[in-house]
>>> print(open('work_21.pdb').read())   # PDB, C-alpha atoms
ATOM      1  CA  MET A   1     -10.046  33.914   3.921
ATOM      2  CA  PRO A   2      -7.934  30.820   4.753
ATOM      3  CA  ARG A   3      -6.867  28.786   1.727
ATOM      4  CA  ILE A   4      -7.295  25.034   1.257
ATOM      5  CA  PHE A   5      -5.584  22.731  -1.223
ATOM      6  CA  SER A   6      -6.998  19.274  -1.988
ATOM      7  CA  GLY A   7      -5.716  16.687  -4.460
ATOM      8  CA  ILE A   8      -7.086  13.458  -5.886
ATOM      9  CA  GLN A   9      -5.610  11.056  -8.413
ATOM     10  CA  PRO A  10      -7.408  10.528 -11.752
ATOM     11  CA  SER A  11      -8.628   7.011 -11.089
ATOM     12  CA  GLY A  12     -11.716   7.539 -13.246
ATOM     13  CA  GLU A  13     -15.138   7.511 -11.648
ATOM     14  CA  LEU A  14     -15.362   8.301  -7.944
ATOM     15  CA  HIS A  15     -16.401   5.573  -5.531
ATOM     16  CA  ILE A  16     -18.213   5.971  -2.215
ATOM     17  CA  GLY A  17     -14.926   5.695  -0.304
ATOM     18  CA  ASN A  18     -13.603   8.803  -2.090
ATOM     19  CA  TRP A  19     -16.905  10.551  -1.550
ATOM     20  CA  LEU A  20     -17.294   9.781   2.147
ATOM     21  CA  GLY A  21     -13.627  10.108   2.995
ATOM     22  CA  ALA A  22     -12.838  13.317   1.138
ATOM     23  CA  VAL A  23     -15.153  14.806  -1.469
ATOM     24  CA  GLN A  24     -18.156  15.441   0.788
ATOM     25  CA  ASN A  25     -15.834  17.409   3.038
ATOM     26  CA  TRP A  26     -14.485  19.438   0.104
ATOM     27  CA  VAL A  27     -18.020  20.292  -1.000
ATOM     28  CA  ASN A  28     -18.801  21.655   2.465
ATOM     29  CA  LEU A  29     -15.496  23.480   2.908
ATOM     30  CA  GLN A  30     -15.659  25.314  -0.434
ATOM     31  CA  HIS A  31     -18.245  27.702   1.010
ATOM     32  CA  SER A  32     -16.077  28.718   3.973
ATOM     33  CA  TYR A  33     -12.557  28.665   2.520
ATOM     34  CA  GLU A  34     -10.754  29.641  -0.642
ATOM     35  CA  SER A  35     -10.511  26.149  -2.124
ATOM     36  CA  LEU A  36      -8.220  24.735  -4.789
ATOM     37  CA  ILE A  37      -9.088  21.206  -5.887
ATOM     38  CA  CYS A  38      -6.548  19.518  -8.109
ATOM     39  CA  ILE A  39      -6.708  16.299 -10.127
ATOM     40  CA  VAL A  40      -3.128  15.185  -9.567
ATOM     41  CA  ASP A  41      -2.245  13.384 -12.787
ATOM     42  CA  LEU A  42       1.505  13.860 -12.253
ATOM     43  CA  HIS A  43       1.226  11.763  -9.103
ATOM     44  CA  ALA A  44      -0.570   9.062 -11.094
ATOM     45  CA  ILE A  45       2.491   8.315 -13.234
ATOM     46  CA  THR A  46       4.815   7.503 -10.314
ATOM     47  CA  ALA A  47       3.701   3.864 -10.651
ATOM     48  CA  LYS A  48       2.660   1.794 -13.642
ATOM     49  CA  TYR A  49      -0.386   3.275 -15.350
ATOM     50  CA  ASP A  50      -2.391   3.028 -18.557
ATOM     51  CA  LYS A  51      -1.335   5.991 -20.708
ATOM     52  CA  ASP A  52      -4.152   5.307 -23.206
ATOM     53  CA  THR A  53      -6.847   5.969 -20.602
ATOM     54  CA  LEU A  54      -5.185   8.651 -18.454
ATOM     55  CA  ALA A  55      -6.861  11.591 -20.223
ATOM     56  CA  GLN A  56     -10.326  10.028 -20.056
ATOM     57  CA  ARG A  57      -9.869   9.026 -16.417
ATOM     58  CA  THR A  58      -8.888  12.610 -15.666
ATOM     59  CA  ARG A  59     -12.045  13.956 -17.318
ATOM     60  CA  ASP A  60     -14.168  11.289 -15.588
ATOM     61  CA  MET A  61     -12.754  12.344 -12.230
ATOM     62  CA  ALA A  62     -13.650  15.962 -12.999
ATOM     63  CA  ILE A  63     -17.179  14.884 -13.899
ATOM     64  CA  GLY A  64     -17.490  12.998 -10.629
ATOM     65  CA  LEU A  65     -16.271  15.942  -8.570
ATOM     66  CA  LEU A  66     -18.615  18.370 -10.295
ATOM     67  CA  ALA A  67     -21.561  15.982  -9.984
ATOM     68  CA  ALA A  68     -20.803  15.476  -6.296
ATOM     69  CA  GLY A  69     -21.149  19.203  -5.686
ATOM     70  CA  ILE A  70     -17.831  20.916  -6.364
ATOM     71  CA  ASP A  71     -18.918  24.323  -7.665
ATOM     72  CA  PRO A  72     -16.500  26.047 -10.075
ATOM     73  CA  GLU A  73     -17.979  29.358  -8.924
ATOM     74  CA  GLN A  74     -16.851  28.570  -5.371
ATOM     75  CA  ALA A  75     -13.711  26.455  -5.869
ATOM     76  CA  THR A  76     -10.855  26.341  -8.370
ATOM     77  CA  LEU A  77     -10.945  22.911 -10.040
ATOM     78  CA  PHE A  78      -7.994  22.097 -12.306
ATOM     79  CA  VAL A  79      -5.576  19.445 -13.550
ATOM     80  CA  GLN A  80      -2.091  19.364 -12.043
ATOM     81  CA  SER A  81      -0.175  18.967 -15.320
ATOM     82  CA  HIS A  82      -1.937  22.054 -16.718
ATOM     83  CA  VAL A  83       0.029  24.186 -14.230
ATOM     84  CA  PRO A  84       3.749  23.600 -14.966
ATOM     85  CA  GLN A  85       4.844  25.461 -11.837
ATOM     86  CA  HIS A  86       4.034  22.324  -9.802
ATOM     87  CA  SER A  87       6.956  20.512 -11.402
ATOM     88  CA  GLU A  88       9.257  23.526 -11.170
ATOM     89  CA  LEU A  89       8.646  24.038  -7.469
ATOM     90  CA  GLN A  90       9.111  20.332  -6.804
ATOM     91  CA  TRP A  91      12.597  20.514  -8.316
ATOM     92  CA  LEU A  92      13.511  23.547  -6.247
ATOM     93  CA  LEU A  93      12.176  21.979  -3.036
ATOM     94  CA  ASN A  94      14.374  18.927  -3.677
ATOM     95  CA  SER A  95      17.290  21.154  -2.719
ATOM     96  CA  VAL A  96      16.104  21.374   0.917
ATOM     97  CA  THR A  97      14.506  17.927   1.302
ATOM     98  CA  PRO A  98      16.573  15.356   3.236
ATOM     99  CA  LEU A  99      16.912  12.018   1.460
ATOM    100  CA  GLY A 100      16.529  10.173   4.742
ATOM    101  CA  GLU A 101      13.117  11.733   5.325
ATOM    102  CA  LEU A 102      11.902  10.479   1.950
ATOM    103  CA  GLU A 103      13.220   6.983   2.584
ATOM    104  CA  ARG A 104      11.393   6.690   5.882
ATOM    105  CA  MET A 105       7.963   7.497   4.445
ATOM    106  CA  THR A 106       5.640   4.585   5.211
ATOM    107  CA  GLN A 107       3.986   4.630   1.781
ATOM    108  CA  PHE A 108       7.376   4.586   0.052
ATOM    109  CA  LYS A 109       8.466   1.580   2.105
ATOM    110  CA  ASP A 110       5.247  -0.274   1.269
ATOM    111  CA  LYS A 111       5.044   0.592  -2.424
ATOM    112  CA  SER A 112       8.745   0.235  -3.211
ATOM    113  CA  GLN A 113       8.588  -3.455  -2.295
ATOM    114  CA  LYS A 114       6.471  -4.024  -5.405
ATOM    115  CA  PHE A 115       9.263  -2.876  -7.724
ATOM    116  CA  GLU A 116      12.386  -4.682  -8.796
ATOM    117  CA  SER A 117      13.838  -1.280  -9.723
ATOM    118  CA  VAL A 118      12.258   1.546  -7.714
ATOM    119  CA  PRO A 119      11.461   4.660  -9.828
ATOM    120  CA  ALA A 120      12.791   7.943  -8.472
ATOM    121  CA  GLY A 121       9.315   9.428  -8.875
ATOM    122  CA  LEU A 122       8.014   7.131  -6.137
ATOM    123  CA  LEU A 123      10.675   8.403  -3.751
ATOM    124  CA  ASN A 124       9.964  12.033  -4.696
ATOM    125  CA  TYR A 125       6.176  11.683  -4.504
ATOM    126  CA  PRO A 126       6.004  13.549  -1.156
ATOM    127  CA  VAL A 127       8.112  16.424  -2.543
ATOM    128  CA  LEU A 128       5.634  16.872  -5.380
ATOM    129  CA  MET A 129       2.826  16.783  -2.825
ATOM    130  CA  ALA A 130       4.647  19.480  -0.846
ATOM    131  CA  ALA A 131       5.017  21.545  -4.020
ATOM    132  CA  ASP A 132       1.294  21.152  -4.758
ATOM    133  CA  ILE A 133       0.409  22.624  -1.379
ATOM    134  CA  LEU A 134       3.135  25.235  -0.952
ATOM    135  CA  LEU A 135       2.738  26.571  -4.495
ATOM    136  CA  TYR A 136      -0.574  28.097  -3.379
ATOM    137  CA  ARG A 137       0.667  28.816   0.140
ATOM    138  CA  ALA A 138      -2.282  26.858   1.491
ATOM    139  CA  ASP A 139      -3.130  27.101   5.180
ATOM    140  CA  LEU A 140      -5.096  23.862   5.456
ATOM    141  CA  VAL A 141      -5.138  20.504   3.685
ATOM    142  CA  PRO A 142      -8.023  18.022   3.999
ATOM    143  CA  VAL A 143      -6.305  14.619   4.119
ATOM    144  CA  GLY A 144      -6.882  11.050   5.163
ATOM    145  CA  GLU A 145      -4.859   9.470   7.943
ATOM    146  CA  ASP A 146      -2.608   7.783   5.379
ATOM    147  CA  GLN A 147      -1.399  11.189   4.149
ATOM    148  CA  VAL A 148      -0.688  12.812   7.522
ATOM    149  CA  GLN A 149       2.977  11.738   7.436
ATOM    150  CA  HIS A 150       3.402  13.340   4.024
ATOM    151  CA  LEU A 151       1.866  16.566   5.323
ATOM    152  CA  GLU A 152       4.293  16.558   8.258
ATOM    153  CA  LEU A 153       7.121  16.381   5.704
ATOM    154  CA  THR A 154       5.549  19.306   3.814
ATOM    155  CA  ARG A 155       5.747  21.388   6.971
ATOM    156  CA  GLU A 156       9.367  20.377   7.494
ATOM    157  CA  ILE A 157      10.225  21.317   3.899
ATOM    158  CA  ALA A 158       8.497  24.681   4.386
ATOM    159  CA  ARG A 159      10.518  25.302   7.562
ATOM    160  CA  LYS A 160      13.816  24.405   5.871
ATOM    161  CA  TRP A 161      13.104  26.567   2.814
ATOM    162  CA  ASN A 162      11.967  29.492   4.967
ATOM    163  CA  ALA A 163      15.114  29.228   7.087
ATOM    164  CA  GLU A 164      17.349  29.213   4.015
ATOM    165  CA  TYR A 165      15.547  31.622   1.698
ATOM    166  CA  GLY A 166      12.704  33.271   3.604
ATOM    167  CA  ARG A 167      14.651  36.429   4.480
ATOM    168  CA  GLY A 168      13.488  36.177   8.060
ATOM    169  CA  GLN A 169       9.882  35.621   7.018
ATOM    170  CA  HIS A 170       7.580  32.604   6.983
ATOM    171  CA  PHE A 171       7.010  32.894   3.254
ATOM    172  CA  PHE A 172       5.590  29.400   3.037
ATOM    173  CA  PRO A 173       2.982  28.710   5.727
ATOM    174  CA  GLU A 174       3.154  25.374   7.529
ATOM    175  CA  PRO A 175      -0.149  23.799   6.435
ATOM    176  CA  GLN A 176      -2.298  21.983   8.968
ATOM    177  CA  PRO A 177      -4.466  18.921   8.288
ATOM    178  CA  ILE A 178      -8.244  18.734   8.287
ATOM    179  CA  LEU A 179      -9.285  15.149   8.968
ATOM    180  CA  THR A 180     -12.757  14.065   7.902
ATOM    181  CA  GLU A 181     -15.120  12.166  10.191
ATOM    182  CA  ALA A 182     -15.088   9.231   7.762
ATOM    183  CA  LYS A 183     -11.318   8.888   7.841
ATOM    184  CA  ARG A 184     -11.028   5.329   6.516
ATOM    185  CA  ILE A 185     -13.807   3.587   4.609
ATOM    186  CA  THR A 186     -13.497  -0.185   4.665
ATOM    187  CA  GLY A 187     -14.214  -1.987   1.401
ATOM    188  CA  LEU A 188     -16.957  -4.508   0.708
ATOM    189  CA  ASP A 189     -14.505  -7.294   1.532
ATOM    190  CA  GLY A 190     -14.659  -6.115   5.148
ATOM    191  CA  GLN A 191     -10.866  -6.008   5.396
ATOM    192  CA  ALA A 192      -8.933  -3.524   3.278
ATOM    193  CA  LYS A 193      -9.523   0.164   2.681
ATOM    194  CA  MET A 194     -12.014   0.740  -0.124
ATOM    195  CA  SER A 195      -9.985   0.836  -3.352
ATOM    196  CA  LYS A 196     -10.825   0.493  -7.017
ATOM    197  CA  SER A 197      -7.703  -1.628  -7.579
ATOM    198  CA  LEU A 198      -8.976  -4.155  -5.023
ATOM    199  CA  GLY A 199     -12.451  -4.307  -6.548
ATOM    200  CA  ASN A 200     -14.116  -3.724  -3.184
ATOM    201  CA  THR A 201     -15.912  -0.477  -4.020
ATOM    202  CA  ILE A 202     -19.271   0.871  -5.088
ATOM    203  CA  GLY A 203     -19.016   3.536  -7.760
ATOM    204  CA  LEU A 204     -20.681   6.861  -7.164
ATOM    205  CA  LEU A 205     -22.269   6.550 -10.608
ATOM    206  CA  ASP A 206     -23.221   2.858 -10.414
ATOM    207  CA  THR A 207     -26.762   1.990 -11.471
ATOM    208  CA  PRO A 208     -29.256   0.765  -8.846
ATOM    209  CA  ASP A 209     -28.808  -2.810 -10.084
ATOM    210  CA  GLU A 210     -25.009  -2.539  -9.941
ATOM    211  CA  ILE A 211     -25.193  -1.245  -6.376
ATOM    212  CA  TRP A 212     -27.373  -4.155  -5.302
ATOM    213  CA  GLN A 213     -25.265  -6.763  -7.064
ATOM    214  CA  LYS A 214     -22.141  -5.458  -5.313
ATOM    215  CA  LEU A 215     -23.759  -5.271  -1.878
ATOM    216  CA  ARG A 216     -25.309  -8.745  -1.951
ATOM    217  CA  PRO A 217     -22.046 -10.690  -1.476
ATOM    218  CA  ALA A 218     -20.415  -8.082   0.811
ATOM    219  CA  LYS A 219     -18.899  -9.353   4.056
ATOM    220  CA  THR A 220     -20.891  -9.021   7.279
ATOM    221  CA  ASP A 221     -20.477 -10.222  10.876
ATOM    222  CA  PRO A 222     -18.879 -13.714  10.542
ATOM    223  CA  ALA A 223     -20.841 -14.902  13.592
ATOM    224  CA  ARG A 224     -24.061 -14.750  11.570
ATOM    225  CA  VAL A 225     -23.826 -18.086   9.803
ATOM    226  CA  THR A 226     -27.596 -18.478   9.595
ATOM    227  CA  ARG A 227     -30.467 -16.010   9.823
ATOM    228  CA  LYS A 228     -31.220 -17.197  13.375
ATOM    229  CA  ASP A 229     -27.747 -16.330  14.667
ATOM    230  CA  PRO A 230     -27.571 -13.035  16.608
ATOM    231  CA  GLY A 231     -24.875 -10.626  15.436
ATOM    232  CA  ASN A 232     -22.774  -7.708  16.580
ATOM    233  CA  PRO A 233     -23.417  -4.686  14.346
ATOM    234  CA  GLU A 234     -20.340  -2.861  15.648
ATOM    235  CA  ILE A 235     -18.051  -5.263  13.775
ATOM    236  CA  CYS A 236     -20.185  -5.385  10.622
ATOM    237  CA  ASN A 237     -19.110  -3.143   7.753
ATOM    238  CA  ILE A 238     -22.630  -3.061   6.314
ATOM    239  CA  TYR A 239     -23.859  -1.529   9.578
ATOM    240  CA  HIS A 240     -21.141   1.135   9.399
ATOM    241  CA  LEU A 241     -22.204   2.010   5.845
ATOM    242  CA  HIS A 242     -25.785   2.403   7.108
ATOM    243  CA  ARG A 243     -24.487   5.214   9.319
ATOM    244  CA  TYR A 244     -23.550   7.198   6.217
ATOM    245  CA  PHE A 245     -26.551   6.423   4.005
ATOM    246  CA  SER A 246     -29.512   5.640   6.283
ATOM    247  CA  PRO A 247     -31.496   7.921   8.610
ATOM    248  CA  PRO A 248     -30.803   7.571  12.372
ATOM    249  CA  GLU A 249     -34.011   5.651  13.051
ATOM    250  CA  THR A 250     -33.068   3.093  10.410
ATOM    251  CA  VAL A 251     -29.560   2.768  11.844
ATOM    252  CA  ALA A 252     -31.068   2.042  15.253
ATOM    253  CA  LEU A 253     -33.461  -0.512  13.732
ATOM    254  CA  VAL A 254     -30.580  -2.207  11.895
ATOM    255  CA  ALA A 255     -28.601  -2.571  15.131
ATOM    256  CA  GLU A 256     -31.611  -3.959  17.027
ATOM    257  CA  SER A 257     -32.562  -6.350  14.225
ATOM    258  CA  CYS A 258     -28.990  -7.633  13.944
ATOM    259  CA  ARG A 259     -28.503  -8.258  17.660
ATOM    260  CA  GLY A 260     -31.894  -9.926  17.982
ATOM    261  CA  ALA A 261     -31.603 -11.934  14.730
ATOM    262  CA  LYS A 262     -34.837 -10.317  13.546
ATOM    263  CA  TRP A 263     -33.361  -9.630  10.089
ATOM    264  CA  GLY A 264     -31.141 -11.674   7.893
ATOM    265  CA  CYS A 265     -28.014 -10.037   6.480
ATOM    266  CA  LEU A 266     -29.651  -9.883   3.051
ATOM    267  CA  ASP A 267     -32.552  -7.889   4.523
ATOM    268  CA  CYS A 268     -30.070  -5.461   6.042
ATOM    269  CA  LYS A 269     -28.228  -5.101   2.735
ATOM    270  CA  ARG A 270     -31.459  -4.489   0.821
ATOM    271  CA  VAL A 271     -32.387  -1.583   3.085
ATOM    272  CA  LEU A 272     -28.868  -0.175   2.723
ATOM    273  CA  ALA A 273     -29.018  -0.546  -1.065
ATOM    274  CA  ASP A 274     -32.311   1.349  -1.258
ATOM    275  CA  ASN A 275     -30.999   4.210   0.881
ATOM    276  CA  MET A 276     -27.697   4.312  -0.994
ATOM    277  CA  ILE A 277     -29.485   4.383  -4.353
ATOM    278  CA  ALA A 278     -31.701   7.255  -3.203
ATOM    279  CA  THR A 279     -28.719   9.234  -1.850
ATOM    280  CA  LEU A 280     -26.592   8.816  -4.975
ATOM    281  CA  ALA A 281     -29.368   9.300  -7.559
ATOM    282  CA  PRO A 282     -28.984  13.118  -7.866
ATOM    283  CA  ILE A 283     -25.205  12.768  -8.272
ATOM    284  CA  ARG A 284     -25.613  10.149 -10.991
ATOM    285  CA  GLU A 285     -28.152  12.323 -12.815
ATOM    286  CA  ARG A 286     -25.809  15.333 -12.802
ATOM    287  CA  ALA A 287     -22.912  13.163 -13.983
ATOM    288  CA  LEU A 288     -24.912  11.829 -16.922
ATOM    289  CA  GLN A 289     -25.653  15.397 -17.997
ATOM    290  CA  LEU A 290     -21.964  16.327 -17.778
ATOM    291  CA  GLN A 291     -20.933  13.227 -19.727
ATOM    292  CA  GLU A 292     -23.093  14.459 -22.595
ATOM    293  CA  ASP A 293     -21.210  17.781 -22.637
ATOM    294  CA  PRO A 294     -17.463  16.995 -22.295
ATOM    295  CA  ASN A 295     -16.541  20.375 -23.811
ATOM    296  CA  ARG A 296     -18.181  22.095 -20.850
ATOM    297  CA  VAL A 297     -16.103  19.975 -18.466
ATOM    298  CA  ASP A 298     -12.915  20.833 -20.340
ATOM    299  CA  GLU A 299     -13.827  24.541 -20.225
ATOM    300  CA  ILE A 300     -14.255  24.385 -16.449
ATOM    301  CA  LEU A 301     -10.841  22.711 -16.103
ATOM    302  CA  ALA A 302      -9.249  25.273 -18.426
ATOM    303  CA  ASP A 303     -10.710  28.171 -16.441
ATOM    304  CA  GLY A 304      -9.507  26.564 -13.232
ATOM    305  CA  ALA A 305      -6.000  26.092 -14.618
ATOM    306  CA  THR A 306      -5.873  29.744 -15.689
ATOM    307  CA  ALA A 307      -6.781  30.879 -12.173
ATOM    308  CA  ALA A 308      -4.326  28.417 -10.611
ATOM    309  CA  ARG A 309      -1.483  29.497 -12.918
ATOM    310  CA  ARG A 310      -2.074  33.099 -11.903
ATOM    311  CA  GLN A 311      -1.502  32.268  -8.240
ATOM    312  CA  ALA A 312       1.317  29.862  -9.044
ATOM    313  CA  SER A 313       3.166  32.450 -11.116
ATOM    314  CA  GLU A 314       3.067  34.951  -8.260
ATOM    315  CA  THR A 315       4.514  32.390  -5.868
ATOM    316  CA  MET A 316       7.221  31.253  -8.261
ATOM    317  CA  GLY A 317       8.272  34.839  -8.991
ATOM    318  CA  GLU A 318       8.986  35.289  -5.290
ATOM    319  CA  VAL A 319      10.619  31.875  -4.966
ATOM    320  CA  ARG A 320      13.017  32.434  -7.866
ATOM    321  CA  ASP A 321      13.943  35.878  -6.564
ATOM    322  CA  ARG A 322      14.589  34.640  -3.035
ATOM    323  CA  MET A 323      16.652  31.720  -4.322
ATOM    324  CA  GLY A 324      18.806  34.054  -6.385
ATOM    325  CA  PHE A 325      17.910  33.143  -9.958
ATOM    326  CA  LEU A 326      18.487  35.603 -12.788
ATOM    327  CA  PRO A 327      15.050  36.870 -13.829
ATOM    328  CA  PRO A 328      14.074  36.369 -17.493
ATOM    329  CA  ARG A 329      13.812  39.392 -19.758
ATOM    330  CA  GLY A 330      10.501  40.365 -21.301
TER
END
>>> encode(input="work_21.pdb", output="structure tokens")
Amino acid sequence: MPRIFSGIQPSGELHIGNWLGAVQNWVNLQHSYESLICIVDLHAITAKYDKDTLAQRTRDMAIGLLAAGIDPEQATLFVQSHVPQHSELQWLLNSVTPLGELERMTQFKDKSQKFESVPAGLLNYPVLMAADILLYRADLVPVGEDQVQHLELTREIARKWNAEYGRGQHFFPEPQPILTEAKRITGLDGQAKMSKSLGNTIGLLDTPDEIWQKLRPAKTDPARVTRKDPGNPEICNIYHLHRYFSPPETVALVAESCRGAKWGCLDCKRVLADNMIATLAPIRERALQLQEDPNRVDEILADGATAARRQASETMGEVRDRMGFLPPRG
């Protein structure tokens, strides 16, 4: 069975951008592929972060993933720092990773501008991502468009390592991307990608009132200044969200009512809010149950880490041998 690796940073509770852009896909794929789903807390420390909340945000992310449908009987769910081989393989892969390739990464160029002194971890972020994937010799990686460049580097690192240490074999596979249909979810501001740091999201566990209060001021078609103004649903982010949360007949009605100025934008948002609330209600209910039993969540993560370490140890045994290290005794 082909193997998939997926990673997500511990930002706390999931929002609908995470869910539509990635997690829904993982839930579906776990039944057809051997799936490893990792909360990548080592990646989270490559920029400034709140150390006092990191552990809780990690557990909250696990709760969100489980509530959204990740099944620990089908997929291996674990925390990156609980499997030390991630860091070890990253260091070894540094030996075949060209510095120039790291410096040309688009995300590094963008994020490094925010620092007066750029941390080395930011530069090496893609090497850790490569280690995450190659450690489990994954065949496929579900990613967003913003991570495709990093995955291309992972394949290059795999090729270079195989050429140097593979003994004529493709020990590390060159993983291919799986892009989701909802590749980029625009935030409620109608401009940037949905992001918790920008405050333009709706949380997967938000209450019905919170969902409505966030949708009410959300940006729509700027041409609709008054209710009587006809609009163009194709450029309205609220209409695009309807496509994910409303049935097809409602989506068609929304488009017709917008073009013909039969509905005001607030009417459109109210219908979206109701459908969104109904869709997310089962997830929120499961999350509330998990929040009441944090020990169960920690047990699931511990079991996942045990399974992941087993695979990681096998890989690293081969890697150390092929790279010529003296094996430990005992």
>>> closest_residue(input="work_21.pdb", among="A:Ala287, A:Ile70, A:Leu134, A:Val141", to="Glu156 (chain A)", atoms="all atoms listed in the file")
A:Leu134
>>> residues_near_point(input="work_21.pdb", point="(3.7, 6.0, -0.2)", cutoff="9 Å", atoms="only C-alpha atoms", output="list in words")
Met105, Thr106, Gln107, Phe108, Lys109, Asp110, Lys111, Ser112, Leu122, Leu123, Tyr125, Pro126, Asp146, Gln147 and His150 of chain A
>>> closest_residue(input="work_21.pdb", among="A:Ile185, A:Ile133, A:Met194, A:Ile63", to="Phe172 (chain A)", atoms="only C-alpha atoms")
A:Ile133
>>> resolve_selection(input="work_21.pdb", expression="the PyMOL selection byres ((chain A and resi 64) around 12)", output="MDAnalysis selection string")
chainID A and resid 8 10:16 18:19 23:24 39 57:63 65:71 77 203:206 280 282:291 297
>>> residues_around(input="work_21.pdb", residues="region 259-270 of chain A", least_positions_apart="4", cutoff="7 Å", atoms="only C-alpha atoms", output="JSON, numbers by chain")
{"A": [215, 216, 227, 228, 229, 230, 231, 232, 238, 254, 255, 274]}
>>> residues_around(input="work_21.pdb", residues="Pro173 (chain A)", least_positions_apart="3", cutoff="8 Å", atoms="only C-alpha atoms", output="PDB file with C-alpha atoms, keeping the file's coordinate frame")
ATOM      1  CA  LEU A 134       3.135  25.235  -0.952  1.00  0.00           C
ATOM      2  CA  ARG A 137       0.667  28.816   0.140  1.00  0.00           C
ATOM      3  CA  ALA A 138      -2.282  26.858   1.491  1.00  0.00           C
ATOM      4  CA  ASP A 139      -3.130  27.101   5.180  1.00  0.00           C
ATOM      5  CA  ARG A 155       5.747  21.388   6.971  1.00  0.00           C
ATOM      6  CA  ALA A 158       8.497  24.681   4.386  1.00  0.00           C
ATOM      7  CA  HIS A 170       7.580  32.604   6.983  1.00  0.00           C
TER       8      HIS A 170
END
>>> closest_residue(input="work_21.pdb", among="A:Gly100, A:Gly144, A:Pro327, A:Pro233", to="Arg184 (chain A)", atoms="only C-alpha atoms")
A:Gly144
>>> closest_residue(input="work_21.pdb", among="A:Ile37, A:Ala305, A:Ile45, A:Ile202", to="Ala120 (chain A)", atoms="all atoms listed in the file")
A:Ile45
>>> atom_distance(input="work_21.pdb", atom1="CA of Ile4 (chain A)", atom2="CA of Val143 (chain A)")
10.8 Å
>>> resolve_selection(input="work_21.pdb", expression="the PyMOL selection byres ((chain A and resi 299) around 12)", output="list of chain:residue names")
A:Arg59, A:Ala62, A:Pro72, A:Leu77, A:Phe78, A:Val79, A:Leu290, A:Asp293, A:Pro294, A:Asn295, A:Arg296, A:Val297, A:Asp298, A:Ile300, A:Leu301, A:Ala302, A:Asp303, A:Gly304, A:Ala305, A:Thr306
>>> atom_distance(input="work_21.pdb", atom1="CA of Ile211 (chain A)", atom2="CA of Ser195 (chain A)")
15.6 Å
>>> closest_residue(input="work_21.pdb", among="A:Ala308, A:Ala252, A:Leu151, A:Val319", to="Ser81 (chain A)", atoms="only C-alpha atoms")
A:Ala308
>>> atom_distance(input="work_21.pdb", atom1="CA of Leu140 (chain A)", atom2="CA of Pro175 (chain A)")
5.0 Å
>>> residues_near_point(input="work_21.pdb", point="(-2.8, 9.3, -5.9)", cutoff="6 Å", atoms="only C-alpha atoms", output="PyMOL selection string")
chain A and resi 8-9+43-44
>>> resolve_selection(input="work_21.pdb", expression="the PyMOL selection byres ((chain A and resi 129-132) around 6)", output="list in words")
His86, Leu89, Gln90, Pro126, Val127, Leu128, Ile133, Leu134, Leu135 and Thr154 of chain A
>>> write_last_selection(input="work_21.pdb", atoms="C-alpha atoms", output="PDB file, keeping the file's coordinate frame")
ATOM      1  CA  HIS A  86       4.034  22.324  -9.802  1.00  0.00           C
ATOM      2  CA  LEU A  89       8.646  24.038  -7.469  1.00  0.00           C
ATOM      3  CA  GLN A  90       9.111  20.332  -6.804  1.00  0.00           C
ATOM      4  CA  PRO A 126       6.004  13.549  -1.156  1.00  0.00           C
ATOM      5  CA  VAL A 127       8.112  16.424  -2.543  1.00  0.00           C
ATOM      6  CA  LEU A 128       5.634  16.872  -5.380  1.00  0.00           C
ATOM      7  CA  ILE A 133       0.409  22.624  -1.379  1.00  0.00           C
ATOM      8  CA  LEU A 134       3.135  25.235  -0.952  1.00  0.00           C
ATOM      9  CA  LEU A 135       2.738  26.571  -4.495  1.00  0.00           C
ATOM     10  CA  THR A 154       5.549  19.306   3.814  1.00  0.00           C
TER      11      THR A 154
END
>>> axis_aligned_box(input="work_21.pdb", around="region 19-27 of chain A", padding_each_side="4 Å", output="lines of an AutoDock Vina configuration file")
center_x = -15.5
center_y = 15.0
center_z = 0.7
size_x = 13.3
size_y = 18.5
size_z = 12.6
>>> closest_residue(input="work_21.pdb", among="A:Pro98, A:Gly7, A:Gly121, A:Pro247", to="Thr76 (chain A)", atoms="all atoms listed in the file")
A:Gly7
